[in-house]
$ cat final-v8.tsv   # TSV, C-alpha atoms
chain	number	residue	atom	x	y	z
K	1	MET	CA	3.08	-19.13	5.31
K	2	PRO	CA	6.59	-18.42	3.94
K	3	MET	CA	6.46	-21.82	2.22
K	4	ASN	CA	3.44	-20.69	0.25
K	5	ILE	CA	5.56	-17.81	-1.06
K	6	LEU	CA	8.71	-19.80	-1.76
K	7	VAL	CA	6.90	-22.49	-3.73
K	8	ARG	CA	5.71	-19.88	-6.21
K	9	ALA	CA	8.88	-17.78	-6.25
K	10	PRO	CA	9.81	-16.32	-9.66
K	11	ASP	CA	12.56	-17.94	-11.71
K	12	ASP	CA	14.35	-14.67	-12.50
K	13	PRO	CA	17.10	-14.17	-9.84
K	14	ARG	CA	16.66	-10.38	-10.12
K	15	GLN	CA	13.00	-10.74	-9.18
K	16	ARG	CA	13.98	-12.98	-6.26
K	17	LEU	CA	16.34	-10.31	-4.97
K	18	MET	CA	13.64	-7.69	-5.25
K	19	ALA	CA	11.21	-9.97	-3.38
K	20	LEU	CA	13.76	-10.54	-0.61
K	21	SER	CA	14.37	-6.80	-0.30
K	22	THR	CA	10.60	-6.23	-0.15
K	23	LEU	CA	10.19	-8.86	2.57
K	24	VAL	CA	12.88	-7.32	4.78
K	25	ASN	CA	11.57	-3.81	4.19
K	26	THR	CA	7.98	-4.67	5.10
K	27	VAL	CA	9.00	-6.36	8.37
K	28	GLY	CA	10.07	-2.90	9.50
K	29	MET	CA	6.84	-1.46	8.14
K	30	GLY	CA	4.83	-3.94	10.22
K	31	LEU	CA	6.81	-3.00	13.33
K	32	PHE	CA	6.17	0.72	12.93
K	33	LEU	CA	2.54	0.50	11.83
K	34	SER	CA	1.69	-1.56	14.90
K	35	ALA	CA	3.72	0.25	17.56
K	36	GLY	CA	5.26	3.42	16.12
K	37	THR	CA	2.55	5.77	17.38
K	38	ILE	CA	2.58	4.06	20.79
K	39	PHE	CA	6.37	4.66	20.92
K	40	LEU	CA	5.80	8.37	20.38
K	41	ILE	CA	3.25	8.46	23.21
K	42	ARG	CA	4.77	6.04	25.74
K	43	SER	CA	8.46	6.68	25.13
K	44	ALA	CA	8.91	10.04	23.39
K	45	GLY	CA	6.46	11.78	25.74
K	46	LEU	CA	4.01	13.18	23.18
K	47	THR	CA	0.26	13.26	23.71
K	48	PRO	CA	-1.94	11.29	21.30
K	49	ALA	CA	-3.07	14.56	19.71
K	50	GLU	CA	0.54	15.75	19.26
K	51	ALA	CA	1.63	12.42	17.77
K	52	GLY	CA	-1.28	12.41	15.32
K	53	ALA	CA	-0.80	16.04	14.32
K	54	GLY	CA	2.96	15.66	13.88
K	55	LEU	CA	2.70	12.54	11.74
K	56	THR	CA	-0.04	14.05	9.58
K	57	ALA	CA	1.75	17.37	9.08
K	58	GLY	CA	5.03	15.67	8.21
K	59	SER	CA	3.34	13.33	5.77
K	60	LEU	CA	1.60	16.22	3.99
K	61	ILE	CA	4.90	18.11	3.67
K	62	GLY	CA	6.86	15.23	2.17
K	63	PHE	CA	4.48	12.92	0.33
K	64	GLY	CA	4.63	14.81	-2.99
K	65	ALA	CA	8.29	13.91	-3.49
K	66	GLY	CA	7.32	10.63	-5.15
K	67	VAL	CA	6.66	12.21	-8.56
K	68	VAL	CA	10.09	13.87	-8.71
K	69	VAL	CA	11.94	10.82	-7.37
K	70	GLY	CA	10.05	8.50	-9.69
K	71	ASP	CA	11.02	10.64	-12.65
K	72	GLN	CA	14.65	10.37	-11.58
K	73	ALA	CA	14.28	6.58	-11.46
K	74	ASP	CA	13.04	6.62	-15.07
K	75	ARG	CA	16.00	8.77	-16.14
K	76	ARG	CA	18.89	7.38	-14.06
K	77	GLY	CA	17.92	3.77	-13.35
K	78	ALA	CA	15.58	2.52	-10.64
K	79	ARG	CA	18.00	0.47	-8.54
K	80	GLU	CA	20.19	3.33	-7.36
K	81	VAL	CA	17.21	5.58	-6.65
K	82	VAL	CA	15.43	2.95	-4.55
K	83	ILE	CA	18.60	2.37	-2.52
K	84	ALA	CA	19.04	6.11	-1.92
K	85	ALA	CA	15.40	6.48	-0.83
K	86	MET	CA	15.75	3.58	1.63
K	87	LEU	CA	18.81	5.22	3.16
K	88	VAL	CA	16.74	8.36	3.69
K	89	GLU	CA	14.08	6.25	5.42
K	90	ALA	CA	16.73	4.69	7.67
K	91	VAL	CA	17.97	8.13	8.72
K	92	ALA	CA	14.39	9.20	9.50
K	93	SER	CA	13.83	6.08	11.63
K	94	VAL	CA	16.91	6.79	13.75
K	95	GLY	CA	15.77	10.41	13.98
K	96	LEU	CA	12.66	9.28	15.84
K	97	LEU	CA	14.86	8.55	18.85
K	98	LEU	CA	15.60	12.29	19.07
K	99	VAL	CA	11.94	13.34	18.98
K	100	HIS	CA	10.62	14.95	22.18
K	101	SER	CA	8.43	17.69	20.68
K	102	VAL	CA	5.78	17.93	18.01
K	103	TRP	CA	8.00	20.17	15.82
K	104	ALA	CA	10.83	17.65	15.86
K	105	LEU	CA	8.30	14.98	14.89
K	106	VAL	CA	7.06	17.07	11.95
K	107	LEU	CA	10.64	17.37	10.65
K	108	VAL	CA	11.40	13.65	11.01
K	109	ALA	CA	8.01	12.64	9.57
K	110	ALA	CA	8.60	14.90	6.55
K	111	VAL	CA	11.98	13.27	5.87
K	112	ALA	CA	10.39	9.84	6.27
K	113	ALA	CA	7.58	10.80	3.88
K	114	VAL	CA	10.10	11.88	1.24
K	115	GLY	CA	11.92	8.56	1.53
K	116	ARG	CA	8.71	6.53	1.60
K	117	ALA	CA	7.17	8.26	-1.41
K	118	GLY	CA	10.45	8.09	-3.30
K	119	SER	CA	11.08	4.41	-2.64
K	120	GLY	CA	7.49	3.57	-3.58
K	121	SER	CA	7.59	5.29	-6.96
K	122	ALA	CA	11.13	4.14	-7.77
K	123	ARG	CA	10.20	0.58	-6.79
K	124	GLY	CA	7.31	0.83	-9.24
K	125	ALA	CA	9.77	1.76	-11.98
K	126	MET	CA	11.91	-1.23	-10.99
K	127	ILE	CA	8.93	-3.59	-11.24
K	128	GLY	CA	8.17	-2.22	-14.68
K	129	VAL	CA	11.71	-3.05	-15.81
K	130	LEU	CA	11.98	-6.48	-14.16
K	131	ALA	CA	8.53	-7.80	-15.08
K	132	GLU	CA	8.75	-10.22	-18.00
K	133	GLU	CA	6.55	-9.62	-21.03
K	134	GLY	CA	3.08	-10.91	-20.20
K	135	ARG	CA	4.07	-11.77	-16.59
K	136	GLY	CA	3.74	-8.38	-14.95
K	137	ALA	CA	0.55	-9.23	-13.06
K	138	ALA	CA	2.10	-12.42	-11.67
K	139	LEU	CA	5.16	-10.57	-10.35
K	140	ARG	CA	3.10	-7.80	-8.80
K	141	THR	CA	0.76	-10.28	-7.13
K	142	TYR	CA	3.74	-12.23	-5.79
K	143	LEU	CA	5.26	-9.07	-4.34
K	144	ARG	CA	1.94	-8.19	-2.69
K	145	ALA	CA	1.94	-11.61	-1.00
K	146	VAL	CA	5.54	-11.12	0.14
K	147	THR	CA	4.58	-7.70	1.52
K	148	ASN	CA	1.89	-9.18	3.71
K	149	VAL	CA	4.20	-11.90	5.01
K	150	GLY	CA	6.63	-9.16	6.06
K	151	LEU	CA	3.84	-7.15	7.69
K	152	ALA	CA	2.66	-10.18	9.67
K	153	ILE	CA	6.19	-10.87	10.95
K	154	GLY	CA	6.62	-7.23	11.93
K	155	MET	CA	3.27	-7.18	13.73
K	156	LEU	CA	4.27	-10.18	15.82
K	157	GLY	CA	7.46	-8.39	16.82
K	158	ALA	CA	5.52	-5.24	17.67
K	159	ALA	CA	3.14	-7.26	19.87
K	160	ALA	CA	6.11	-8.43	21.93
K	161	VAL	CA	7.38	-4.86	22.29
K	162	LEU	CA	3.94	-3.62	23.37
K	163	ALA	CA	3.75	-6.40	25.96
K	164	ILE	CA	7.14	-5.37	27.44
K	165	ASP	CA	6.22	-1.65	27.25
K	166	SER	CA	9.62	-0.24	28.26
K	167	ARG	CA	11.88	2.49	26.86
K	168	ALA	CA	14.52	-0.10	25.98
K	169	ALA	CA	12.00	-2.21	24.07
K	170	TYR	CA	10.73	0.78	22.09
K	171	VAL	CA	14.27	1.92	21.26
K	172	GLY	CA	15.02	-1.61	20.07
K	173	LEU	CA	11.93	-1.51	17.84
K	174	ILE	CA	12.96	1.79	16.23
K	175	LEU	CA	16.54	0.63	15.66
K	176	THR	CA	15.28	-2.64	14.17
K	177	ASP	CA	13.05	-0.63	11.84
K	178	ALA	CA	16.10	1.38	10.69
K	179	VAL	CA	18.15	-1.78	10.19
K	180	THR	CA	15.47	-3.29	7.94
K	181	PHE	CA	15.86	-0.36	5.54
K	182	LEU	CA	19.64	-0.83	5.49
K	183	LEU	CA	19.36	-4.58	4.91
K	184	ALA	CA	16.74	-4.14	2.18
K	185	ALA	CA	19.01	-1.61	0.45
K	186	ALA	CA	21.99	-3.96	0.81
K	187	VAL	CA	20.06	-6.74	-0.93
K	188	LEU	CA	19.38	-4.46	-3.88
K	189	THR	CA	23.09	-3.69	-4.29
K	190	ARG	CA	23.40	-7.26	-5.59
K	191	LEU	CA	21.17	-6.35	-8.53
K	192	PRO	CA	22.88	-5.23	-11.73
K	193	HIS	CA	22.32	-1.67	-12.88
K	194	LEU	CA	18.88	-1.33	-14.47
K	195	PRO	CA	19.01	0.92	-17.54
K	196	PRO	CA	16.87	4.08	-17.60
K	197	THR	CA	13.60	3.92	-19.50
K	198	ARG	CA	13.76	7.59	-20.51
K	199	SER	CA	16.83	9.52	-21.60
K	200	ALA	CA	17.70	12.86	-20.05
K	201	ALA	CA	18.84	13.88	-23.54
K	202	ALA	CA	15.46	13.19	-25.12
K	203	ALA	CA	13.59	15.77	-27.16
K	204	PRO	CA	12.20	18.68	-25.12
K	205	ASP	CA	8.63	17.50	-25.53
K	206	GLU	CA	9.53	14.13	-24.07
K	207	ARG	CA	11.00	15.72	-20.93
K	208	ARG	CA	7.69	17.15	-19.82
K	209	TRP	CA	5.70	15.66	-16.96
K	210	LEU	CA	3.85	12.96	-18.88
K	211	ALA	CA	1.86	11.59	-15.96
K	212	LEU	CA	0.65	14.99	-14.79
K	213	ARG	CA	-0.75	15.69	-18.29
K	214	ASP	CA	-2.52	12.32	-18.58
K	215	ARG	CA	-6.10	13.16	-17.62
K	216	ARG	CA	-7.31	9.60	-17.85
K	217	TYR	CA	-4.60	8.41	-15.47
K	218	LEU	CA	-5.29	11.29	-13.10
K	219	GLY	CA	-8.94	10.21	-13.03
K	220	PHE	CA	-7.85	6.68	-12.17
K	221	VAL	CA	-5.59	8.04	-9.42
K	222	ALA	CA	-8.48	10.01	-7.91
K	223	ALA	CA	-10.90	7.08	-7.97
K	224	SER	CA	-8.41	4.49	-6.71
K	225	SER	CA	-7.28	6.85	-3.94
K	226	VAL	CA	-10.84	7.15	-2.66
K	227	ALA	CA	-11.20	3.36	-2.85
K	228	SER	CA	-7.99	2.99	-0.81
K	229	LEU	CA	-9.80	4.36	2.25
K	230	GLN	CA	-10.54	0.68	2.99
K	231	TYR	CA	-6.98	0.17	4.26
K	232	TRP	CA	-7.46	2.75	6.98
K	233	VAL	CA	-10.78	1.31	8.09
K	234	LEU	CA	-8.89	-1.78	9.18
K	235	VAL	CA	-5.91	-0.11	10.89
K	236	GLN	CA	-7.51	3.10	12.19
K	237	ALA	CA	-11.27	2.76	12.65
K	238	LEU	CA	-11.68	-0.92	13.53
K	239	PRO	CA	-9.32	-1.02	16.57
K	240	VAL	CA	-11.05	2.05	18.05
K	241	TRP	CA	-14.47	0.55	17.26
K	242	ILE	CA	-13.55	-2.70	18.98
K	243	VAL	CA	-12.28	-0.98	22.14
K	244	LEU	CA	-15.01	1.66	22.47
K	245	ARG	CA	-18.10	0.16	20.87
K	246	THR	CA	-17.98	-3.63	21.34
K	247	ALA	CA	-17.84	-6.06	24.26
K	248	ALA	CA	-14.89	-7.90	22.68
K	249	PRO	CA	-11.63	-8.00	24.70
K	250	ARG	CA	-9.19	-5.22	23.86
K	251	SER	CA	-6.66	-7.76	22.63
K	252	THR	CA	-9.07	-8.50	19.78
K	253	ALA	CA	-7.92	-5.26	18.13
K	254	ALA	CA	-4.42	-6.72	17.65
K	255	LEU	CA	-5.73	-10.20	16.85
K	256	VAL	CA	-7.87	-9.11	13.91
K	257	LEU	CA	-5.01	-7.15	12.33
K	258	PHE	CA	-2.75	-10.19	12.54
K	259	VAL	CA	-5.47	-12.44	11.09
K	260	ALA	CA	-5.98	-9.96	8.23
K	261	ALA	CA	-2.26	-9.84	7.39
K	262	VAL	CA	-1.93	-13.63	7.40
K	263	THR	CA	-5.11	-14.11	5.35
K	264	VAL	CA	-4.00	-11.61	2.70
K	265	ALA	CA	-0.57	-13.25	2.49
K	266	LEU	CA	-2.06	-16.71	2.01
K	267	THR	CA	-4.80	-15.75	-0.46
K	268	GLN	CA	-3.09	-13.07	-2.55
K	269	ILE	CA	-1.79	-15.44	-5.23
K	270	PRO	CA	-4.66	-17.95	-5.57
K	271	ALA	CA	-7.39	-15.30	-5.29
K	272	THR	CA	-5.92	-13.18	-8.08
K	273	ARG	CA	-4.67	-15.88	-10.43
K	274	SER	CA	-7.37	-14.92	-12.92
K	275	ILE	CA	-5.72	-11.54	-13.62
K	276	ASP	CA	-4.19	-11.67	-17.09
K	277	GLY	CA	-4.49	-8.01	-18.05
K	278	PRO	CA	-6.24	-4.74	-17.27
K	279	ARG	CA	-9.76	-5.97	-18.08
K	280	THR	CA	-9.72	-8.83	-15.55
K	281	ALA	CA	-7.96	-6.60	-13.03
K	282	ALA	CA	-10.71	-3.99	-13.31
K	283	ARG	CA	-13.34	-6.70	-12.93
K	284	LEU	CA	-11.88	-7.90	-9.62
K	285	LEU	CA	-11.52	-4.33	-8.39
K	286	ALA	CA	-15.21	-3.69	-9.05
K	287	ARG	CA	-16.23	-6.89	-7.25
K	288	SER	CA	-14.35	-5.88	-4.12
K	289	GLY	CA	-16.82	-3.10	-3.27
K	290	PRO	CA	-19.83	-5.30	-2.41
K	291	LEU	CA	-17.55	-7.49	-0.28
K	292	PHE	CA	-16.44	-4.46	1.71
K	293	LEU	CA	-20.09	-3.64	2.28
K	294	VAL	CA	-20.73	-7.12	3.71
K	295	ALA	CA	-17.61	-6.97	5.89
K	296	TRP	CA	-18.36	-3.54	7.31
K	297	VAL	CA	-21.99	-4.37	8.07
K	298	LEU	CA	-20.69	-7.32	10.11
K	299	MET	CA	-18.21	-5.06	11.91
K	300	ALA	CA	-20.99	-2.60	12.72
K	301	ALA	CA	-23.20	-5.46	13.98
K	302	ALA	CA	-20.47	-6.52	16.43
K	303	SER	CA	-21.42	-3.60	18.72
K	304	ALA	CA	-24.60	-5.28	19.95
K	305	PRO	CA	-23.94	-8.92	21.02
K	306	PRO	CA	-21.93	-10.30	23.98
K	307	ALA	CA	-18.17	-10.72	23.82
K	308	TRP	CA	-17.99	-14.19	22.27
K	309	ALA	CA	-20.46	-13.32	19.52
K	310	ALA	CA	-18.74	-9.97	18.87
K	311	VAL	CA	-15.38	-11.72	18.43
K	312	ALA	CA	-16.95	-14.25	16.04
K	313	LEU	CA	-18.57	-11.50	13.95
K	314	LEU	CA	-15.34	-9.54	13.83
K	315	LEU	CA	-13.28	-12.53	12.71
K	316	VAL	CA	-15.73	-13.38	9.93
K	317	ALA	CA	-15.83	-9.72	8.91
K	318	VAL	CA	-12.03	-9.52	8.74
K	319	LEU	CA	-11.86	-12.65	6.57
K	320	VAL	CA	-14.37	-11.14	4.11
K	321	HIS	CA	-12.57	-7.79	4.25
K	322	SER	CA	-9.25	-9.52	3.50
K	323	LEU	CA	-10.57	-11.13	0.31
K	324	ALA	CA	-11.99	-7.79	-0.79
K	325	GLU	CA	-8.66	-6.12	-0.03
K	326	VAL	CA	-6.79	-8.73	-2.09
K	327	TRP	CA	-9.05	-8.13	-5.08
K	328	GLN	CA	-8.91	-4.36	-4.82
K	329	ALA	CA	-5.17	-4.16	-4.21
K	330	ALA	CA	-4.28	-6.52	-7.06
K	331	GLY	CA	-6.67	-4.79	-9.46
K	332	THR	CA	-5.38	-1.33	-8.56
K	333	PHE	CA	-1.76	-2.47	-8.76
K	334	GLU	CA	-2.21	-3.97	-12.22
K	335	LEU	CA	-4.12	-0.97	-13.58
K	336	SER	CA	-1.55	1.47	-12.17
K	337	PHE	CA	0.98	-0.09	-14.56
K	338	ALA	CA	-1.31	-0.98	-17.46
K	339	LEU	CA	-2.71	2.56	-17.81
K	340	ALA	CA	0.73	4.20	-17.61
K	341	ARG	CA	3.22	4.86	-20.39
K	342	PRO	CA	5.91	2.18	-20.06
K	343	GLU	CA	8.84	4.55	-20.50
K	344	ALA	CA	7.71	6.69	-17.52
K	345	GLN	CA	6.59	4.11	-14.96
K	346	GLY	CA	8.48	5.78	-12.12
K	347	GLN	CA	6.79	9.11	-12.80
K	348	TYR	CA	3.36	7.48	-13.08
K	349	GLN	CA	3.89	5.48	-9.87
K	350	GLY	CA	4.88	8.73	-8.19
K	351	VAL	CA	1.58	10.31	-9.26
K	352	ILE	CA	-0.52	7.44	-7.93
K	353	GLY	CA	1.55	7.55	-4.75
K	354	LEU	CA	0.73	11.24	-4.51
K	355	GLY	CA	-3.00	10.55	-4.57
K	356	HIS	CA	-2.87	7.61	-2.20
K	357	GLY	CA	-0.49	9.50	0.11
K	358	PHE	CA	-2.94	12.39	0.39
K	359	VAL	CA	-5.74	10.00	1.30
K	360	GLU	CA	-3.43	8.31	3.82
K	361	ALA	CA	-2.88	11.68	5.51
K	362	ILE	CA	-6.57	12.57	5.81
K	363	ALA	CA	-7.98	9.05	6.23
K	364	PRO	CA	-7.93	8.91	10.06
K	365	VAL	CA	-10.29	11.87	10.30
K	366	ILE	CA	-12.66	10.43	7.68
K	367	VAL	CA	-12.85	6.80	8.78
K	368	ILE	CA	-13.08	7.53	12.50
K	369	ALA	CA	-15.76	10.18	11.96
K	370	LEU	CA	-17.86	7.91	9.74
K	371	CYS	CA	-17.31	4.49	11.31
K	372	VAL	CA	-16.78	5.22	15.01
K	373	ASP	CA	-18.85	8.38	15.47
K	374	GLY	CA	-21.39	7.64	12.74
K	375	GLY	CA	-22.16	4.06	13.77
K	376	ALA	CA	-23.82	1.62	11.38
K	377	PRO	CA	-25.01	4.30	8.90
K	378	GLY	CA	-21.44	5.60	8.68
K	379	TRP	CA	-20.03	2.13	7.98
K	380	ILE	CA	-22.57	1.63	5.18
K	381	ALA	CA	-22.04	5.11	3.71
K	382	LEU	CA	-18.29	4.59	3.50
K	383	ALA	CA	-18.77	1.17	1.90
K	384	LEU	CA	-20.97	2.71	-0.79
K	385	VAL	CA	-18.35	5.41	-1.48
K	386	VAL	CA	-15.60	2.81	-1.84
K	387	THR	CA	-17.80	0.64	-4.07
K	388	VAL	CA	-18.62	3.54	-6.42
K	389	ALA	CA	-14.93	4.47	-6.60
K	390	GLY	CA	-14.08	0.91	-7.63
K	391	TYR	CA	-16.65	0.96	-10.43
K	392	LEU	CA	-15.28	4.28	-11.65
K	393	CYS	CA	-11.86	2.63	-12.01
K	394	THR	CA	-13.52	0.00	-14.20
K	395	LEU	CA	-15.11	2.63	-16.41
K	396	ILE	CA	-11.78	4.41	-16.79
K	397	GLU	CA	-10.10	1.16	-17.83
K	398	ARG	CA	-12.76	0.52	-20.48
K	399	GLY	CA	-12.33	4.05	-21.80
K	400	ALA	CA	-8.58	3.53	-22.01
K	401	VAL	CA	-9.08	0.38	-24.10
K	402	ARG	CA	-11.41	2.17	-26.50
K	403	ARG	CA	-8.99	5.07	-26.85
K	404	PHE	CA	-5.65	3.28	-27.20
K	405	VAL	CA	-6.30	-0.20	-28.61
K	406	PRO	CA	-6.98	-0.53	-32.33
K	407	PRO	CA	-10.35	-2.21	-33.08
K	408	SER	CA	-8.67	-5.31	-34.46
K	409	ARG	CA	-6.88	-5.85	-31.13
K	410	ALA	CA	-9.64	-4.80	-28.75
K	411	PRO	CA	-10.56	-7.46	-26.19
K	412	SER	CA	-13.71	-9.46	-26.72
K	413	PRO	CA	-16.71	-8.35	-24.63
K	414	ASN	CA	-16.91	-11.91	-23.32
K	415	ARG	CA	-13.32	-11.96	-22.10

$ encode --input "final-v8.tsv" --output "C-alpha cells"
Amino acid sequence: MPMNILVRAPDDPRQRLMALSTLVNTVGMGLFLSAGTIFLIRSAGLTPAEAGAGLTAGSLIGFGAGVVVGDQADRRGAREVVIAAMLVEAVASVGLLLVHSVWALVLVAAVAAVGRAGSGSARGAMIGVLAEEGRGAALRTYLRAVTNVGLAIGMLGAAAVLAIDSRAAYVGLILTDAVTFLLAAAVLTRLPHLPPTRSAAAAPDERRWLALRDRRYLGFVAASSVASLQYWVLVQALPVWIVLRTAAPRSTAALVLFVAAVTVALTQIPATRSIDGPRTAARLLARSGPLFLVAWVLMAAASAPPAWAAVALLLVAVLVHSLAEVWQAAGTFELSFALARPEAQGQYQGVIGLGHGFVEAIAPVIVIALCVDGGAPGWIALALVVTVAGYLCTLIERGAVRRFVPPSRAPSPNR
C-alpha cells in the first residue's frame, strides 16, 4: 500500500514534506477515531452518554475557529499557522489523560476542536500555495490517498490497544497520538516560509470576510456538508448496525472499517485520475450518490441472512461505499478550492470546515436514528438525501462557470 503512494509521489520536495507530515498526522487520527471514545469509557471512567455528550459539546464550542485561523494563514503564511495549530492539538491530546469528568472533557474537546479546525483550514491555504498551476487536483488526490494510508496504520494500532484493553495501553495510545502531532509539526519546520496570499495592509474593502459574503460558496458548503453525512454512516451507524442488527461476528465492525481505509487508499489516485478541473470534479461527485444508495441497500440487507452471508454482503457494500467515498471526497476537495478566491484560500477552507464540522457534531444522532432505528427505509432515505446534495453541488459549479468565466473561455458542454 505505501508503495502505491511512493511511486506516484510529487516531484516538488515541499509537497513531499507536506505529504509526510500528513501521513504522520493521520496515523494519530486513525488511533483516536478507532479507540479514543473507548479510552474515555474504559480508562477515564465516563459513561458512553457522558463521553458522547462531552465530545459533541466541545466540538460545537471550538469548531468555528477554522475561519479565523484560516484567515490568519492567508495573512501571515500558512506554514507557521499549521504548526501552531498542531501544537494546540498535541496539548489537547495530553489533556485527555487528565479527564475524569464530563466538564473536563468538554474543555479538552473544545481545545482540540480549535486546533483541528485551525490546522484543517490553514492546511488548505498551504495546499493552495504549494499546488503547481494546473496540478492542484493531482496534489489534493495524492494527499487524500496518503491520509487513508495513515488512517489504516492508526486503525491497526488501535486494534492492538483494544485487544490489550488496559490502562497502560490506553495511555500509550493517547501519548502516541500527541507525539504524531509533534512529529508532523516538526516535519513542516523543514519547509521554507510560505508567503501570505493576502496583505494585512490591503485596502479596507479587501480585509472583509470574503468567504462569508460569497453566497455561491456558502451554498456549496451547505450542500457538501449534507453530502458528508456518508462518512459518519461508515464510522458511527454501520458498527452499531453490525453488532445489533446482523448475525455477523462483532469483530466484523472493525474489519469493515479497515477494509474501507485500505480500499480508499489504493483507489484514490486511479479512480479520480479523470479530474482535470471543477467540471469533471462535479461530475464524479454527482455519480457518487447512486453508489451510496447501492452500498447502503446492501448494508440494510445484511440484517436478514446468516452470519457468512451477512459478512459477504457487508464486505461488498463497503467496497462499493469506498468507491463512492473516493469520488465524493475528491470532487468536494477540488470544488472547495476551485470555487474559492485564490488569495483567501485559508478563509474559504475555514468556512467549509465550519459547515462540515457542524455536520460532524450532529451526525451521530442523524445517522443512528435513520439507519439503526429506521431500518431499511432509513438507509434508503439517507442515501436519497446525500444523492440530492451531491447533485446540488454540481448545479452550483455550473452556475459558478456561467457567472465567472467569459463565454470565449467557457468549457464545452461535451467536456

$ residues_around --input "final-v8.tsv" --residues "segment 330-343 of chain K" --least-positions-apart "4" --cutoff "7 Å" --atoms "all atoms listed in the file" --output "JSON, numbers by chain"
{"K": [137, 141, 197, 198, 217, 224, 272, 278, 281, 282, 284, 285, 326, 348]}

$ atom_distance --input "final-v8.tsv" --atom1 "atom CA of Leu55 of chain K" --atom2 "atom CA of Ala211 of chain K"
27.7 Å

$ atom_distance --input "final-v8.tsv" --atom1 "atom CA of Ser119 of chain K" --atom2 "atom CA of Leu229 of chain K"
21.4 Å

$ residues_around --input "final-v8.tsv" --residues "Trp103 of chain K" --least-positions-apart "3" --cutoff "10 Å" --atoms "all atoms listed in the file" --output "list in words"
Glu50, Ala53, Gly54, Ala57, Gly58, Val99, His100, Val106, Leu107, Val108 and Ala109 of chain K

$ residues_around --input "final-v8.tsv" --residues "Leu191 of chain K" --least-positions-apart "6" --cutoff "9 Å" --atoms "all atoms listed in the file" --output "PyMOL selection string"
chain K and resi 13-14+17-18+79

$ closest_atom_pairs --input "final-v8.tsv" --of "segment 176-279 of chain K" --to "segment 295-315 of chain K" --cutoff "12 Å" --atoms "all atoms listed in the file" --output "JSON lines"
{"residue": "K:Gln230", "atom": "CA", "partner": "K:Trp296", "partner_atom": "CA", "distance": 9.9}
{"residue": "K:Val233", "atom": "CA", "partner": "K:Trp296", "partner_atom": "CA", "distance": 9.0}
{"residue": "K:Leu234", "atom": "CA", "partner": "K:Trp296", "partner_atom": "CA", "distance": 9.8}
{"residue": "K:Ala237", "atom": "CA", "partner": "K:Met299", "partner_atom": "CA", "distance": 10.5}
{"residue": "K:Leu238", "atom": "CA", "partner": "K:Met299", "partner_atom": "CA", "distance": 7.9}
{"residue": "K:Pro239", "atom": "CA", "partner": "K:Leu314", "partner_atom": "CA", "distance": 10.8}
{"residue": "K:Val240", "atom": "CA", "partner": "K:Met299", "partner_atom": "CA", "distance": 11.8}
{"residue": "K:Trp241", "atom": "CA", "partner": "K:Ser303", "partner_atom": "CA", "distance": 8.2}
{"residue": "K:Ile242", "atom": "CA", "partner": "K:Ser303", "partner_atom": "CA", "distance": 7.9}
{"residue": "K:Val243", "atom": "CA", "partner": "K:Ser303", "partner_atom": "CA", "distance": 10.1}
{"residue": "K:Leu244", "atom": "CA", "partner": "K:Ser303", "partner_atom": "CA", "distance": 9.1}
{"residue": "K:Arg245", "atom": "CA", "partner": "K:Ser303", "partner_atom": "CA", "distance": 5.5}
{"residue": "K:Thr246", "atom": "CA", "partner": "K:Ser303", "partner_atom": "CA", "distance": 4.3}
{"residue": "K:Ala247", "atom": "CA", "partner": "K:Ala307", "partner_atom": "CA", "distance": 4.7}
{"residue": "K:Ala248", "atom": "CA", "partner": "K:Ala307", "partner_atom": "CA", "distance": 4.5}
{"residue": "K:Pro249", "atom": "CA", "partner": "K:Ala307", "partner_atom": "CA", "distance": 7.1}
{"residue": "K:Arg250", "atom": "CA", "partner": "K:Val311", "partner_atom": "CA", "distance": 10.5}
{"residue": "K:Ser251", "atom": "CA", "partner": "K:Val311", "partner_atom": "CA", "distance": 10.5}
{"residue": "K:Thr252", "atom": "CA", "partner": "K:Val311", "partner_atom": "CA", "distance": 7.2}
{"residue": "K:Ala253", "atom": "CA", "partner": "K:Leu314", "partner_atom": "CA", "distance": 9.6}
{"residue": "K:Ala254", "atom": "CA", "partner": "K:Leu315", "partner_atom": "CA", "distance": 11.7}
{"residue": "K:Leu255", "atom": "CA", "partner": "K:Leu315", "partner_atom": "CA", "distance": 8.9}
{"residue": "K:Val256", "atom": "CA", "partner": "K:Leu315", "partner_atom": "CA", "distance": 6.5}
{"residue": "K:Leu257", "atom": "CA", "partner": "K:Leu315", "partner_atom": "CA", "distance": 9.9}
{"residue": "K:Phe258", "atom": "CA", "partner": "K:Leu315", "partner_atom": "CA", "distance": 10.8}
{"residue": "K:Val259", "atom": "CA", "partner": "K:Leu315", "partner_atom": "CA", "distance": 8.0}
{"residue": "K:Ala260", "atom": "CA", "partner": "K:Leu315", "partner_atom": "CA", "distance": 8.9}
{"residue": "K:Thr263", "atom": "CA", "partner": "K:Leu315", "partner_atom": "CA", "distance": 11.1}

$ residues_around --input "final-v8.tsv" --residues "Val187 of chain K" --least-positions-apart "4" --cutoff "12 Å" --atoms "all atoms listed in the file" --output "mmCIF file with C-alpha atoms, in the coordinates of the input"
data_model
loop_
_atom_site.group_PDB
_atom_site.id
_atom_site.type_symbol
_atom_site.label_atom_id
_atom_site.label_comp_id
_atom_site.auth_asym_id
_atom_site.auth_seq_id
_atom_site.Cartn_x
_atom_site.Cartn_y
_atom_site.Cartn_z
ATOM 1 C CA PRO K 13 17.100 -14.170 -9.840
ATOM 2 C CA ARG K 14 16.660 -10.380 -10.120
ATOM 3 C CA GLN K 15 13.000 -10.740 -9.180
ATOM 4 C CA ARG K 16 13.980 -12.980 -6.260
ATOM 5 C CA LEU K 17 16.340 -10.310 -4.970
ATOM 6 C CA MET K 18 13.640 -7.690 -5.250
ATOM 7 C CA ALA K 19 11.210 -9.970 -3.380
ATOM 8 C CA LEU K 20 13.760 -10.540 -0.610
ATOM 9 C CA SER K 21 14.370 -6.800 -0.300
ATOM 10 C CA THR K 22 10.600 -6.230 -0.150
ATOM 11 C CA LEU K 23 10.190 -8.860 2.570
ATOM 12 C CA VAL K 24 12.880 -7.320 4.780
ATOM 13 C CA ASN K 25 11.570 -3.810 4.190
ATOM 14 C CA ARG K 79 18.000 0.470 -8.540
ATOM 15 C CA GLU K 80 20.190 3.330 -7.360
ATOM 16 C CA VAL K 82 15.430 2.950 -4.550
ATOM 17 C CA ILE K 83 18.600 2.370 -2.520
ATOM 18 C CA MET K 86 15.750 3.580 1.630
ATOM 19 C CA THR K 180 15.470 -3.290 7.940
ATOM 20 C CA PHE K 181 15.860 -0.360 5.540
ATOM 21 C CA LEU K 182 19.640 -0.830 5.490
ATOM 22 C CA LEU K 183 19.360 -4.580 4.910
ATOM 23 C CA LEU K 191 21.170 -6.350 -8.530
ATOM 24 C CA PRO K 192 22.880 -5.230 -11.730
#
